[in-house]
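Source file run20.pdb; content: PDB, C-alpha atoms.
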ATOM      1  CA  MET D   8      88.098  31.839  66.398
ATOM      2  CA  PRO D   9      91.691  33.153  66.572
ATOM      3  CA  ARG D  10      92.805  32.165  63.045
ATOM      4  CA  ALA D  11      90.262  30.878  60.539
ATOM      5  CA  ILE D  12      87.587  33.188  59.178
ATOM      6  CA  ASP D  13      84.117  31.648  59.411
ATOM      7  CA  PRO D  14      85.244  28.001  59.174
ATOM      8  CA  ASP D  15      82.522  25.689  57.938
ATOM      9  CA  PRO D  16      81.485  24.046  60.146
ATOM     10  CA  PRO D  17      82.671  26.361  62.940
ATOM     11  CA  TYR D  18      85.467  25.210  65.211
ATOM     12  CA  LYS D  19      84.270  24.020  68.600
ATOM     13  CA  ARG D  20      87.146  22.196  70.267
ATOM     14  CA  ALA D  21      90.937  22.368  70.657
ATOM     15  CA  MET D  22      93.512  20.091  72.259
ATOM     16  CA  VAL D  23      96.991  20.891  73.561
ATOM     17  CA  VAL D  24      99.462  17.991  73.680
ATOM     18  CA  VAL D  25     102.615  18.600  75.724
ATOM     19  CA  ALA D  26     105.218  16.618  77.626
ATOM     20  CA  HIS D  27     105.046  18.141  81.106
ATOM     21  CA  ALA D  28     102.872  20.119  83.480
ATOM     22  CA  ASP D  29     103.703  23.820  82.812
ATOM     23  CA  ASP D  30     104.799  23.301  79.166
ATOM     24  CA  ALA D  31     101.491  24.616  77.839
ATOM     25  CA  GLU D  32     101.469  27.512  80.303
ATOM     26  CA  TYR D  33     104.877  28.620  79.058
ATOM     27  CA  GLY D  34     104.163  27.941  75.396
ATOM     28  CA  CYS D  35     100.552  28.681  74.507
ATOM     29  CA  SER D  36      98.406  29.534  77.534
ATOM     30  CA  GLY D  37      97.585  32.989  76.211
ATOM     31  CA  THR D  38      96.176  31.367  73.095
ATOM     32  CA  VAL D  39      94.289  28.843  75.237
ATOM     33  CA  ALA D  40      92.805  31.660  77.313
ATOM     34  CA  LYS D  41      91.754  33.426  74.112
ATOM     35  CA  MET D  42      90.198  30.284  72.628
ATOM     36  CA  ILE D  43      88.171  29.654  75.775
ATOM     37  CA  ARG D  44      87.129  33.305  75.952
ATOM     38  CA  GLU D  45      85.852  32.966  72.393
ATOM     39  CA  GLY D  46      83.815  29.869  73.186
ATOM     40  CA  LEU D  47      85.987  26.859  72.322
ATOM     41  CA  GLU D  48      86.343  23.841  74.595
ATOM     42  CA  VAL D  49      90.014  23.115  75.288
ATOM     43  CA  VAL D  50      91.548  19.894  76.591
ATOM     44  CA  TYR D  51      95.141  19.316  77.696
ATOM     45  CA  VAL D  52      96.938  16.009  77.159
ATOM     46  CA  LEU D  53     100.083  15.603  79.280
ATOM     47  CA  CYS D  54     102.373  12.833  78.102
ATOM     48  CA  THR D  55     104.644  12.380  81.141
ATOM     49  CA  ASP D  56     104.109  12.031  84.870
ATOM     50  CA  GLY D  57     106.355  15.020  85.691
ATOM     51  CA  SER D  58     108.181  12.927  88.265
ATOM     52  CA  LYS D  59     111.705  14.248  87.687
ATOM     53  CA  GLY D  60     111.046  17.968  88.009
ATOM     54  CA  SER D  61     112.869  18.760  91.238
ATOM     55  CA  ASP D  62     116.369  19.063  92.690
ATOM     56  CA  ASP D  63     115.009  18.876  96.250
ATOM     57  CA  PRO D  64     116.520  15.811  97.998
ATOM     58  CA  ASN D  65     113.380  15.549 100.139
ATOM     59  CA  GLU D  66     111.138  14.958  97.126
ATOM     60  CA  THR D  67     110.499  11.583  95.522
ATOM     61  CA  GLN D  68     109.313  10.763  92.037
ATOM     62  CA  GLU D  69     105.948   9.817  93.472
ATOM     63  CA  SER D  70     105.531  13.043  95.433
ATOM     64  CA  MET D  71     106.610  15.172  92.468
ATOM     65  CA  SER D  72     104.207  13.396  90.140
ATOM     66  CA  ARG D  73     101.291  14.003  92.521
ATOM     67  CA  MET D  74     102.280  17.633  93.089
ATOM     68  CA  ARG D  75     102.662  18.467  89.428
ATOM     69  CA  GLU D  76      99.377  16.819  88.541
ATOM     70  CA  GLN D  77      97.595  18.959  91.106
ATOM     71  CA  GLU D  78      99.391  22.080  89.884
ATOM     72  CA  GLN D  79      98.278  21.368  86.322
ATOM     73  CA  ILE D  80      94.695  20.822  87.428
ATOM     74  CA  ALA D  81      94.836  24.166  89.256
ATOM     75  CA  ALA D  82      96.237  25.909  86.163
ATOM     76  CA  GLY D  83      93.467  24.347  84.107
ATOM     77  CA  LYS D  84      90.861  25.816  86.430
ATOM     78  CA  VAL D  85      92.396  29.256  86.019
ATOM     79  CA  LEU D  86      92.138  28.969  82.246
ATOM     80  CA  GLY D  87      88.778  27.192  82.179
ATOM     81  CA  LEU D  88      89.894  23.942  80.543
ATOM     82  CA  LYS D  89      87.312  21.245  79.939
ATOM     83  CA  THR D  90      89.677  18.618  81.366
ATOM     84  CA  VAL D  91      93.300  17.460  81.598
ATOM     85  CA  GLU D  92      94.257  13.964  80.475
ATOM     86  CA  PHE D  93      97.386  12.465  82.060
ATOM     87  CA  LEU D  94      99.028   9.701  80.021
ATOM     88  CA  GLY D  95     101.614   8.927  82.714
ATOM     89  CA  PHE D  96     104.702   8.061  80.658
ATOM     90  CA  PRO D  97     107.960   8.404  82.686
ATOM     91  CA  ASP D  98     109.324  11.946  82.826
ATOM     92  CA  SER D  99     112.669  12.551  81.044
ATOM     93  CA  GLU D 100     112.359   9.193  79.271
ATOM     94  CA  LEU D 101     109.743  10.092  76.665
ATOM     95  CA  GLU D 102     110.222   8.719  73.165
ATOM     96  CA  PRO D 103     107.969   9.027  70.090
ATOM     97  CA  THR D 104     106.989   5.369  70.328
ATOM     98  CA  LEU D 105     103.982   3.655  68.818
ATOM     99  CA  ALA D 106     102.582   3.316  72.337
ATOM    100  CA  LEU D 107     102.714   7.085  72.885
ATOM    101  CA  ARG D 108     101.288   7.764  69.430
ATOM    102  CA  LYS D 109      98.396   5.418  70.092
ATOM    103  CA  ALA D 110      97.710   6.954  73.508
ATOM    104  CA  ILE D 111      97.509  10.445  71.998
ATOM    105  CA  ALA D 112      95.375   9.194  69.112
ATOM    106  CA  ARG D 113      92.958   7.693  71.642
ATOM    107  CA  GLU D 114      92.540  11.141  73.240
ATOM    108  CA  ILE D 115      92.072  12.788  69.839
ATOM    109  CA  ARG D 116      89.339  10.290  69.023
ATOM    110  CA  ARG D 117      87.815  10.743  72.477
ATOM    111  CA  HIS D 118      87.679  14.563  72.457
ATOM    112  CA  LYS D 119      87.502  15.214  68.680
ATOM    113  CA  PRO D 120      89.417  18.512  68.519
ATOM    114  CA  ASP D 121      89.279  20.733  65.461
ATOM    115  CA  ILE D 122      92.709  22.150  66.367
ATOM    116  CA  VAL D 123      95.665  20.374  67.958
ATOM    117  CA  ILE D 124      98.495  22.455  69.449
ATOM    118  CA  CYS D 125     101.805  20.680  70.086
ATOM    119  CA  PRO D 126     105.523  21.325  70.664
ATOM    120  CA  ASN D 127     108.163  21.629  67.987
ATOM    121  CA  PRO D 128     109.235  18.059  67.098
ATOM    122  CA  THR D 129     112.781  19.135  66.180
ATOM    123  CA  ARG D 130     115.621  20.447  68.319
ATOM    124  CA  SER D 131     116.020  24.194  68.018
ATOM    125  CA  LEU D 132     119.529  25.667  68.090
ATOM    126  CA  ASP D 133     118.348  29.252  67.740
ATOM    127  CA  LEU D 134     118.778  30.179  71.397
ATOM    128  CA  GLY D 135     122.128  30.516  73.115
ATOM    129  CA  PHE D 136     120.782  29.624  76.553
ATOM    130  CA  TYR D 137     118.515  26.609  75.923
ATOM    131  CA  VAL D 138     119.216  23.400  74.003
ATOM    132  CA  GLY D 139     115.705  21.976  74.238
ATOM    133  CA  HIS D 140     114.201  19.084  76.192
ATOM    134  CA  PRO D 141     114.029  15.712  74.412
ATOM    135  CA  ASP D 142     110.619  15.059  75.989
ATOM    136  CA  HIS D 143     109.261  18.109  74.179
ATOM    137  CA  GLN D 144     110.508  16.866  70.831
ATOM    138  CA  ALA D 145     109.112  13.392  71.483
ATOM    139  CA  ALA D 146     105.707  14.801  72.421
ATOM    140  CA  GLY D 147     105.654  16.940  69.281
ATOM    141  CA  GLU D 148     106.580  14.089  66.957
ATOM    142  CA  ALA D 149     104.118  11.675  68.554
ATOM    143  CA  ALA D 150     101.320  14.264  68.470
ATOM    144  CA  LEU D 151     101.831  14.986  64.775
ATOM    145  CA  SER D 152     101.917  11.261  63.995
ATOM    146  CA  ALA D 153      98.776  10.728  66.067
ATOM    147  CA  VAL D 154      96.958  13.470  64.160
ATOM    148  CA  TYR D 155      98.039  12.048  60.810
ATOM    149  CA  PRO D 156      97.419   9.280  60.132
ATOM    150  CA  THR D 157      96.635   7.365  63.342
ATOM    151  CA  ALA D 158      93.567   9.190  64.680
ATOM    152  CA  ARG D 159      92.166   9.549  61.171
ATOM    153  CA  ASP D 160      92.471   6.011  59.785
ATOM    154  CA  ARG D 161      89.835   3.440  60.667
ATOM    155  CA  LEU D 162      92.050   0.431  60.030
ATOM    156  CA  THR D 163      94.863   1.674  62.277
ATOM    157  CA  TYR D 164      94.494   0.183  65.765
ATOM    158  CA  PRO D 165      91.089  -1.480  65.331
ATOM    159  CA  ASP D 166      91.106  -2.133  69.073
ATOM    160  CA  LEU D 167      90.403   1.588  69.501
ATOM    161  CA  LEU D 168      87.180   0.970  67.622
ATOM    162  CA  ASP D 169      86.421  -1.837  70.056
ATOM    163  CA  GLU D 170      86.899   0.706  72.879
ATOM    164  CA  GLY D 171      84.331   2.959  71.206
ATOM    165  CA  PHE D 172      86.719   5.533  69.721
ATOM    166  CA  GLU D 173      85.749   6.281  66.136
ATOM    167  CA  PRO D 174      88.298   7.907  63.773
ATOM    168  CA  HIS D 175      88.564  11.683  63.851
ATOM    169  CA  LYS D 176      90.137  14.135  61.410
ATOM    170  CA  VAL D 177      91.837  17.160  62.972
ATOM    171  CA  ARG D 178      91.371  20.256  60.827
ATOM    172  CA  GLU D 179      94.365  22.343  61.911
ATOM    173  CA  VAL D 180      97.665  21.714  63.721
ATOM    174  CA  TRP D 181      99.496  24.563  65.438
ATOM    175  CA  VAL D 182     103.139  23.852  66.294
ATOM    176  CA  MET D 183     104.546  26.093  69.029
ATOM    177  CA  LEU D 184     107.568  28.004  67.706
ATOM    178  CA  GLY D 185     109.609  31.041  68.530
ATOM    179  CA  PRO D 186     108.950  34.349  66.773
ATOM    180  CA  GLU D 187     111.714  33.808  64.224
ATOM    181  CA  ARG D 188     110.059  30.747  62.664
ATOM    182  CA  GLY D 189     106.329  31.118  63.260
ATOM    183  CA  ASP D 190     104.008  31.903  60.357
ATOM    184  CA  PHE D 191     101.004  32.835  62.499
ATOM    185  CA  PHE D 192     101.178  35.356  65.345
ATOM    186  CA  ASN D 193      98.119  34.974  67.548
ATOM    187  CA  GLU D 194      97.332  38.338  69.100
ATOM    188  CA  LEU D 195      96.657  38.304  72.858
ATOM    189  CA  SER D 196      94.644  40.786  74.887
ATOM    190  CA  GLU D 197      95.528  42.026  78.350
ATOM    191  CA  GLU D 198      92.873  39.657  79.707
ATOM    192  CA  ASP D 199      94.538  36.736  77.923
ATOM    193  CA  MET D 200      97.922  37.723  79.344
ATOM    194  CA  LEU D 201      96.595  37.913  82.900
ATOM    195  CA  LYS D 202      95.022  34.457  82.604
ATOM    196  CA  SER D 203      98.232  33.080  81.126
ATOM    197  CA  ILE D 204     100.378  34.495  83.921
ATOM    198  CA  ASP D 205      98.015  33.330  86.668
ATOM    199  CA  ALA D 206      97.924  29.836  85.163
ATOM    200  CA  LEU D 207     101.723  29.681  85.048
ATOM    201  CA  LYS D 208     101.909  30.748  88.701
ATOM    202  CA  SER D 209      99.857  27.660  89.583
ATOM    203  CA  HIS D 210     102.999  25.617  88.917
ATOM    204  CA  ALA D 211     104.607  26.725  92.173
ATOM    205  CA  SER D 212     107.096  23.848  92.265
ATOM    206  CA  GLN D 213     108.548  24.973  88.935
ATOM    207  CA  VAL D 214     107.981  28.740  88.833
ATOM    208  CA  GLN D 215     110.083  30.005  91.686
ATOM    209  CA  TYR D 216     111.257  33.366  90.410
ATOM    210  CA  PRO D 217     109.455  36.551  91.524
ATOM    211  CA  GLU D 218     109.630  38.314  88.157
ATOM    212  CA  VAL D 219     107.320  35.858  86.368
ATOM    213  CA  ASP D 220     104.922  38.628  85.318
ATOM    214  CA  GLU D 221     107.696  40.679  83.764
ATOM    215  CA  ARG D 222     109.245  37.705  81.982
ATOM    216  CA  MET D 223     105.983  36.524  80.462
ATOM    217  CA  ARG D 224     105.136  40.008  79.248
ATOM    218  CA  GLU D 225     108.634  40.433  77.826
ATOM    219  CA  TRP D 226     108.460  37.109  75.956
ATOM    220  CA  ARG D 227     105.005  37.772  74.524
ATOM    221  CA  SER D 228     105.808  41.372  73.607
ATOM    222  CA  ARG D 229     109.006  40.272  71.826
ATOM    223  CA  THR D 230     106.920  37.826  69.800
ATOM    224  CA  GLY D 231     104.218  40.399  69.184
ATOM    225  CA  ALA D 232     106.751  42.916  67.898
ATOM    226  CA  LYS D 233     107.444  40.642  64.922
ATOM    227  CA  ALA D 234     103.874  41.273  63.762
ATOM    228  CA  SER D 235     103.412  44.828  65.102
ATOM    229  CA  LEU D 236     101.298  43.533  68.004
ATOM    230  CA  ARG D 237     101.531  44.281  71.703
ATOM    231  CA  TYR D 238     101.413  40.615  72.777
ATOM    232  CA  ALA D 239     101.356  37.436  70.713
ATOM    233  CA  GLU D 240     102.253  33.747  70.612
ATOM    234  CA  ALA D 241     103.815  32.260  67.478
ATOM    235  CA  PHE D 242     102.934  29.037  65.693
ATOM    236  CA  LYS D 243     103.539  27.132  62.470
ATOM    237  CA  VAL D 244     100.052  26.285  61.257
ATOM    238  CA  PHE D 245      99.065  23.333  59.082
ATOM    239  CA  SER D 246      95.592  23.257  57.537
ATOM    240  CA  LEU D 247      94.488  19.666  57.010
ATOM    241  CA  GLY D 248      91.113  20.447  55.470
TER
END
The structure in this file should be written as structure tokens.
Amino acid sequence: MPRAIDPDPPYKRAMVVVAHADDAEYGCSGTVAKMIREGLEVVYVLCTDGSKGSDDPNETQESMSRMREQEQIAAGKVLGLKTVEFLGFPDSELEPTLALRKAIAREIRRHKPDIVICPNPTRSLDLGFYVGHPDHQAAGEAALSAVYPTARDRLTYPDLLDEGFEPHKVREVWVMLGPERGDFFNELSEEDMLKSIDALKSHASQVQYPEVDERMREWRSRTGAKASLRYAEAFKVFSLG
């Protein structure tokens, strides 16, 4: 287990909730590779249909959605994911609505993760070249709200009980952050890095620069340097008991 020491009972499952295909590969795929290598089952939950991710005038929303779904499935196979759940909300229009919160809570109750990894729910102004995507913030806020209290509370959305989804209490939440604000630096091995890079390359419609290997290693080494590690990914971790 990458963080907790002999948790009781041991962690068995993790879930990554993100807005788009490729978000997890950029943000936490080294950690996902490490979790799977260490025996955890990992599930992805993608909130949007990815239908707006192209400037190509020959592409349509429908064709992009299909392509990005297949790319994410391929990336999942590289990493060894248990499955990928696609919620299908419109790309670039995501809001932290009750409908999104409920949809994520349904997946938490279905898969019963011990750990949920999600994006930062607030806009970061730390970088001079990136202002953040509102879909990412919406996915982060909805995921946190789904973890607590929606997935946990029996009397919230009793129709989920009718569907067979009993309440579930997530034990830890890891919010993806940059190295300046993380409080946990998850060390990655060379094997984890290779899996992470190969998974990212599966998103061929989005990753169209030849230096992807160098960039990923540079990003992870810059994060690792904050904790005297070769490679790492940074998170803000909440222990919910």
Legend entry - Residue IDs satisfying the PyMOL selection byres ((chain D and resi 213) around 10), as number ranges by chain: D: 28-29, 60-61, 75, 78, 207-212, 214-216
Inset, instruction - List the neighbours of region 154-167 of chain D out to 7 Å using all atoms listed in the file; skip same-chain residues closer than 5 positions along the sequence, and give me the result as number ranges by chain. - result: D: 112-113, 115-116, 172, 174-177
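In terms of minimum interatomic distance to Ser58 (chain D), D:Ala26 ranks closest within D:Ala145, D:Ala40, D:Ala150, D:Ala26, counting only C-alpha atoms.
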Inset, instruction - Please provide as a list in words all residues within 12 Å of Gly248 (chain D), with the sequence filter that same-chain residues fewer than 2 positions apart are discarded (counting only C-alpha atoms). - result: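 That gives Ala11, Pro14, Asp15, Pro16, Asp121, Ile122, Lys176, Val177, Arg178, Glu179, Val180, Phe245 and Ser246 of chain D.
Ranking D:Ala232, D:Val49, D:Ala31, D:Ala82 by their shortest atom-to-atom distance to Ala206 (chain D), with only C-alpha atoms included, puts D:Ala82 first.
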Residue by residue, what does the PyMOL selection byres ((chain D and resi 52) around 6) grab here? Present the result as a short mmCIF file (atom, residue, chain, number, x, y, z; two decimals) with C-alpha atoms, keeping the file's coordinate frame.
data_model
loop_
_atom_site.label_atom_id
_atom_site.label_comp_id
_atom_site.auth_asym_id
_atom_site.auth_seq_id
_atom_site.Cartn_x
_atom_site.Cartn_y
_atom_site.Cartn_z
CA VAL D 24 99.46 17.99 73.68
CA TYR D 51 95.14 19.32 77.70
CA LEU D 53 100.08 15.60 79.28
CA VAL D 91 93.30 17.46 81.60
CA GLU D 92 94.26 13.96 80.47
#
Legend entry - Spatial neighbours of Leu195 (chain D), max dist 7 Å, all atoms listed in the file, sep filter under 2 positions, as a PyMOL selection string: chain D and resi 37-38+193+197+199-200+238-239
For the residues in the current selection, export C-alpha atoms as a compact mmCIF listing (two decimals), keeping the file's coordinate frame.
# COMPACT_ATOMS: atom_id res chain seq x y z
CA GLY D 37 97.58 32.99 76.21
CA THR D 38 96.18 31.37 73.10
CA ASN D 193 98.12 34.97 67.55
CA GLU D 197 95.53 42.03 78.35
CA ASP D 199 94.54 36.74 77.92
CA MET D 200 97.92 37.72 79.34
CA TYR D 238 101.41 40.62 72.78
CA ALA D 239 101.36 37.44 70.71
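Among the candidates D:Glu148, D:Asp133, D:Asp62, D:Glu173, the residue lying nearest to Leu107 (chain D) is D:Glu148 (atoms considered: only C-alpha atoms).
One finds CA of Glu76 (chain D) at 7.7 Å from CA of Asp56 (chain D).
Atom pair CA of Phe96 (chain D) / CA of Gly57 (chain D): separated by 8.7 Å.
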To box region 15-19 of chain D, take all atoms listed in the file, fit an axis-aligned box, add 4 Å on each side, and give centre and edge lengths in Å to one decimal, as AutoDock Vina command-line options.
--center_x 83.5 --center_y 25.2 --center_z 63.3 --size_x 12.0 --size_y 10.3 --size_z 18.7
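Separating CA of Val23 (chain D) from CA of Glu69 (chain D) is a distance of 24.5 Å.
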Inset, instruction - Point out the residue among D:Glu32, D:Ile204, D:Leu247, D:Ala146 with the least atom-to-atom distance to Glu225 (chain D), counting only C-alpha atoms. - result: D:Ile204
Legend entry - Contacts of Gly34 (chain D) at 12 Å (all atoms listed in the file; same-chain gap of 6+ positions) as a ChimeraX atom specification: /D:23-28,124-127,143,181-186,203-204,206-207,223,226-227,230,239-242
Inset, instruction - Rank D:Ser36, D:Ser72, D:Ser152, D:Thr67 by their smallest atom-to-atom distance to Gly95 (chain D), using only C-alpha atoms, and report the top residue only. - result: D:Ser72
Inset, instruction - Measuring atom to atom with all atoms listed in the file, identify which of D:Lys59, D:Arg73, D:Lys109, D:Lys202 is nearest to Cys35 (chain D). - result: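 The answer is D:Lys202, which sits nearest to Cys35 (chain D).
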